[in-house]
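Working notes, structure below.
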Amino acid sequence: MAPPSPHRSSILNLFKAGVPPVDIIKRLGVPSRTVYDSISRFKKLGTFLDRCGRGRKPTVVTPDRIKAVKERIRRNPHRSIRKMAKGMKISSRSMGRIVKDKLKLTCYRVRKAAILSEATTKKRLERSKKLLQRTRNGEHLVTVFSDEKLFTVQAEFNPQNHRVLAETSEEAFANGRTIHQASHPASVIVFGAVCADGKSPLLFVDQGVKINKEVYISQILEKTLLPWAQKHFNGRRWVFQQDGAPAHTAKLSQQWCETHLPAFIPKDEWPPSSPDLNPLDYSIWGVLQNKVNAKPHSSIEALKKTLVKEWDALSPEYLRATIDAYPRRLRAVIEKRGGRMEQD
């Protein structure tokens, strides 16, 4: 069936306004046959929409098959499109049309998250409300968000999506089909901090060093965070954020922050179990890991070099967009009454 003329609605709007067909042809610059056919069709049907029931009737995406697929998914929403297509002896493309176009379903990745107790959920709700109130004067734009992350020298990959195109299995092996992974790969802990218009230098914690309150204060807060923040903000007020790690919530660490920083979010004001509210956790570390661990590193020094390179490459526009998402995420937690927000 030939597609309808893109000028159909314009032709009919002019016709209904009393414009003669000859003038419509001149105004729109379309063939006379298109104009007269459109007007004739409108007089016959009373509408410019296509008639229902035209074209070949479906033989695969039928109401009965749609109903059957809907029932299968109701019984087990973890079914894959490929396996359902194979079981019903239809193509994966047709099954995809049924699931996505007819049933309007979206495939979401299963993700892991810590179980939230009733008390934790209540604290997330109450504290998110207060933090959201503080964003209304733009405080999040001068907040320095911080976190630590462990990186390993080995490559990260998703076996479901990671593929190698080759003519033979031997060629695929030679081109990296097998990724060797150690039981306990060499690793390094990294501290980073970001704000809407900048980021601190990365700090690498020496192997074997446990981040207790003494190490956190002397190595991270005093030697890295404070000198960078003072230079970056140059006298402007700023706010420091840290999560609920023991070294962060220790009495000595909280006292140091109160004494040496212009402002910070105390341990009883930051929502517990909330990596979904820290820009480093919900975006930046993931972006960095995808780039850094796309391939293995021969040593810790090589890993550090790549980490610094990719950290420095994070653009100001990306940092601002990531921080701008923070108030929206607070609102999402509040809408969920302190529960986990939904993510694609």
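Ligands are numbered from 1 in the order shown, residues from 1 within each chain, and chains are lettered A, B, ... in the order they appear in the structure tokens.
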Mind dumping a table of every stretch 242-307 of chain A residue within 12 Å of stretch 225-233 of chain A, with the nearest atom pair and its distance in Å to one decimal, using only C-alpha atoms, sorted by chain and rising number, as a tab-separated table?
residue	atom	partner	partner_atom	distance
A:Gln242	CA	A:Leu225	CA	11.6
A:Trp256	CA	A:Leu226	CA	11.3
A:Cys257	CA	A:Leu226	CA	10.0
A:His260	CA	A:Leu226	CA	8.4
A:Leu261	CA	A:Leu226	CA	7.8
A:Pro262	CA	A:Gln230	CA	10.0
A:Ala263	CA	A:Ala229	CA	11.9
Residues just named, written with all heavy atoms as a PDB file, in the first residue's frame:
ATOM      1  N   GLN A 242      30.298  13.366  52.683  1.00  0.00           N
ATOM      2  CA  GLN A 242      30.951  12.062  52.785  1.00  0.00           C
ATOM      3  C   GLN A 242      29.890  11.048  53.190  1.00  0.00           C
ATOM      4  O   GLN A 242      28.881  11.398  53.800  1.00  0.00           O
ATOM      5  CB  GLN A 242      32.095  12.097  53.803  1.00  0.00           C
ATOM      6  CG  GLN A 242      31.662  12.566  55.184  1.00  0.00           C
ATOM      7  CD  GLN A 242      32.816  12.866  56.110  1.00  0.00           C
ATOM      8  OE1 GLN A 242      33.938  12.471  55.870  1.00  0.00           O
ATOM      9  NE2 GLN A 242      32.547  13.576  57.201  1.00  0.00           N
ATOM     10  N   TRP A 256      37.043  16.983  63.218  1.00  0.00           N
ATOM     11  CA  TRP A 256      37.994  17.629  62.310  1.00  0.00           C
ATOM     12  C   TRP A 256      37.237  18.443  61.258  1.00  0.00           C
ATOM     13  O   TRP A 256      37.604  19.584  60.965  1.00  0.00           O
ATOM     14  CB  TRP A 256      38.878  16.584  61.633  1.00  0.00           C
ATOM     15  CG  TRP A 256      39.980  17.192  60.817  1.00  0.00           C
ATOM     16  CD1 TRP A 256      41.258  17.429  61.205  1.00  0.00           C
ATOM     17  CD2 TRP A 256      39.878  17.679  59.467  1.00  0.00           C
ATOM     18  NE1 TRP A 256      41.982  18.028  60.204  1.00  0.00           N
ATOM     19  CE2 TRP A 256      41.154  18.200  59.115  1.00  0.00           C
ATOM     20  CE3 TRP A 256      38.867  17.729  58.529  1.00  0.00           C
ATOM     21  CZ2 TRP A 256      41.424  18.748  57.867  1.00  0.00           C
ATOM     22  CZ3 TRP A 256      39.130  18.292  57.289  1.00  0.00           C
ATOM     23  CH2 TRP A 256      40.389  18.787  56.956  1.00  0.00           C
ATOM     24  N   CYS A 257      36.194  17.859  60.690  1.00  0.00           N
ATOM     25  CA  CYS A 257      35.402  18.559  59.667  1.00  0.00           C
ATOM     26  C   CYS A 257      34.757  19.815  60.242  1.00  0.00           C
ATOM     27  O   CYS A 257      34.746  20.881  59.595  1.00  0.00           O
ATOM     28  CB  CYS A 257      34.329  17.630  59.112  1.00  0.00           C
ATOM     29  SG  CYS A 257      34.961  16.277  58.095  1.00  0.00           S
ATOM     30  N   HIS A 260      37.743  22.453  60.725  1.00  0.00           N
ATOM     31  CA  HIS A 260      38.568  22.914  59.613  1.00  0.00           C
ATOM     32  C   HIS A 260      37.810  23.269  58.332  1.00  0.00           C
ATOM     33  O   HIS A 260      38.392  23.905  57.445  1.00  0.00           O
ATOM     34  CB  HIS A 260      39.618  21.847  59.268  1.00  0.00           C
ATOM     35  CG  HIS A 260      40.612  21.607  60.365  1.00  0.00           C
ATOM     36  ND1 HIS A 260      40.367  20.720  61.400  1.00  0.00           N
ATOM     37  CD2 HIS A 260      41.841  22.150  60.607  1.00  0.00           C
ATOM     38  CE1 HIS A 260      41.408  20.703  62.209  1.00  0.00           C
ATOM     39  NE2 HIS A 260      42.311  21.567  61.764  1.00  0.00           N
ATOM     40  N   LEU A 261      36.551  22.867  58.216  1.00  0.00           N
ATOM     41  CA  LEU A 261      35.814  23.104  56.974  1.00  0.00           C
ATOM     42  C   LEU A 261      34.768  24.199  57.166  1.00  0.00           C
ATOM     43  O   LEU A 261      34.199  24.340  58.252  1.00  0.00           O
ATOM     44  CB  LEU A 261      35.132  21.817  56.506  1.00  0.00           C
ATOM     45  CG  LEU A 261      36.047  20.602  56.282  1.00  0.00           C
ATOM     46  CD1 LEU A 261      35.236  19.407  55.803  1.00  0.00           C
ATOM     47  CD2 LEU A 261      37.158  20.922  55.300  1.00  0.00           C
ATOM     48  N   PRO A 262      34.475  24.958  56.117  1.00  0.00           N
ATOM     49  CA  PRO A 262      33.457  26.009  56.242  1.00  0.00           C
ATOM     50  C   PRO A 262      32.068  25.437  56.506  1.00  0.00           C
ATOM     51  O   PRO A 262      31.256  26.066  57.184  1.00  0.00           O
ATOM     52  CB  PRO A 262      33.515  26.730  54.891  1.00  0.00           C
ATOM     53  CG  PRO A 262      34.160  25.760  53.962  1.00  0.00           C
ATOM     54  CD  PRO A 262      35.112  24.958  54.783  1.00  0.00           C
ATOM     55  N   ALA A 263      31.786  24.255  55.961  1.00  0.00           N
ATOM     56  CA  ALA A 263      30.497  23.584  56.190  1.00  0.00           C
ATOM     57  C   ALA A 263      30.621  22.141  55.732  1.00  0.00           C
ATOM     58  O   ALA A 263      31.395  21.833  54.823  1.00  0.00           O
ATOM     59  CB  ALA A 263      29.370  24.281  55.427  1.00  0.00           C
TER      60      ALA A 263
END
Taking only C-alpha atoms into account, produce a table as a tab-separated table in which each residue of stretch 49-160 of chain A with an atom at most 7 Å from an atom of stretch 195-202 of chain A appears once, together with its shortest atom pair and the distance in Å to one decimal, ordered by chain and rising number.
residue	atom	partner	partner_atom	distance
A:Leu141	CA	A:Ala196	CA	5.2
A:Val142	CA	A:Cys195	CA	6.4
A:Thr143	CA	A:Cys195	CA	5.9
A:Val144	CA	A:Cys195	CA	4.8
A:Phe145	CA	A:Cys195	CA	6.3
Since we have the selection now, will you write its residues out, keeping N, CA and C atoms, as a PDB file, in the first residue's frame?
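So the final result, stored in again30.pdb, reads:
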ATOM      1  N   LEU A 141      25.354  23.018  44.242  1.00  0.00           N
ATOM      2  CA  LEU A 141      26.325  23.466  43.242  1.00  0.00           C
ATOM      3  C   LEU A 141      27.665  23.840  43.872  1.00  0.00           C
ATOM      4  N   VAL A 142      27.691  24.014  45.200  1.00  0.00           N
ATOM      5  CA  VAL A 142      28.960  24.273  45.890  1.00  0.00           C
ATOM      6  C   VAL A 142      29.275  23.154  46.878  1.00  0.00           C
ATOM      7  N   THR A 143      28.609  22.017  46.713  1.00  0.00           N
ATOM      8  CA  THR A 143      28.884  20.858  47.558  1.00  0.00           C
ATOM      9  C   THR A 143      29.970  20.006  46.919  1.00  0.00           C
ATOM     10  N   VAL A 144      30.927  19.591  47.720  1.00  0.00           N
ATOM     11  CA  VAL A 144      31.994  18.696  47.262  1.00  0.00           C
ATOM     12  C   VAL A 144      31.612  17.279  47.685  1.00  0.00           C
ATOM     13  N   PHE A 145      31.255  16.440  46.719  1.00  0.00           N
ATOM     14  CA  PHE A 145      30.896  15.052  46.975  1.00  0.00           C
ATOM     15  C   PHE A 145      32.162  14.203  46.924  1.00  0.00           C
TER      16      PHE A 145
END
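Candidate residues A:Ile211, A:Leu150, A:Val69, A:Ala155 were compared for distance to A:Val292, and the nearest is A:Ala155, using only C-alpha atoms.
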Query - Residue nearest A:Lys43 among A:Lys16, A:Lys305, A:Lys89, A:Arg56 (counting only C-alpha atoms) - result: A:Lys16
Query raised in the report: Which of these, A:Phe240, A:Phe204, A:Phe15, A:Tyr282, has the shortest distance to A:Ser40 once you count only C-alpha atoms?
Result: A:Phe15
Query raised in the report: Near A:Tyr318, counting only C-alpha atoms, which residues have an atom at most 10 Å away, once you skip same-chain residues fewer than 2 positions from it, shown as a VMD selection string?
Result: chain A and resid 196 to 197 283 to 284 314 to 316 320 to 324
Saved selection, atoms kept: C-alpha atoms, as a PDB file, in the first residue's frame:
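See result.pdb below for the written result:
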ATOM      1  CA  ALA A 196      29.646  21.204  39.878  1.00  0.00           C
ATOM      2  CA  ASP A 197      32.627  22.994  38.382  1.00  0.00           C
ATOM      3  CA  SER A 283      27.658   7.922  37.682  1.00  0.00           C
ATOM      4  CA  ILE A 284      31.318   8.915  37.834  1.00  0.00           C
ATOM      5  CA  LEU A 314      36.066  14.102  32.620  1.00  0.00           C
ATOM      6  CA  SER A 315      34.586  17.245  31.083  1.00  0.00           C
ATOM      7  CA  PRO A 316      33.130  20.191  33.034  1.00  0.00           C
ATOM      8  CA  ARG A 320      27.725  19.731  35.935  1.00  0.00           C
ATOM      9  CA  ALA A 321      25.115  17.392  34.433  1.00  0.00           C
ATOM     10  CA  THR A 322      25.947  14.740  37.037  1.00  0.00           C
ATOM     11  CA  ILE A 323      25.566  17.187  39.921  1.00  0.00           C
ATOM     12  CA  ASP A 324      22.349  18.571  38.400  1.00  0.00           C
TER      13      ASP A 324
END
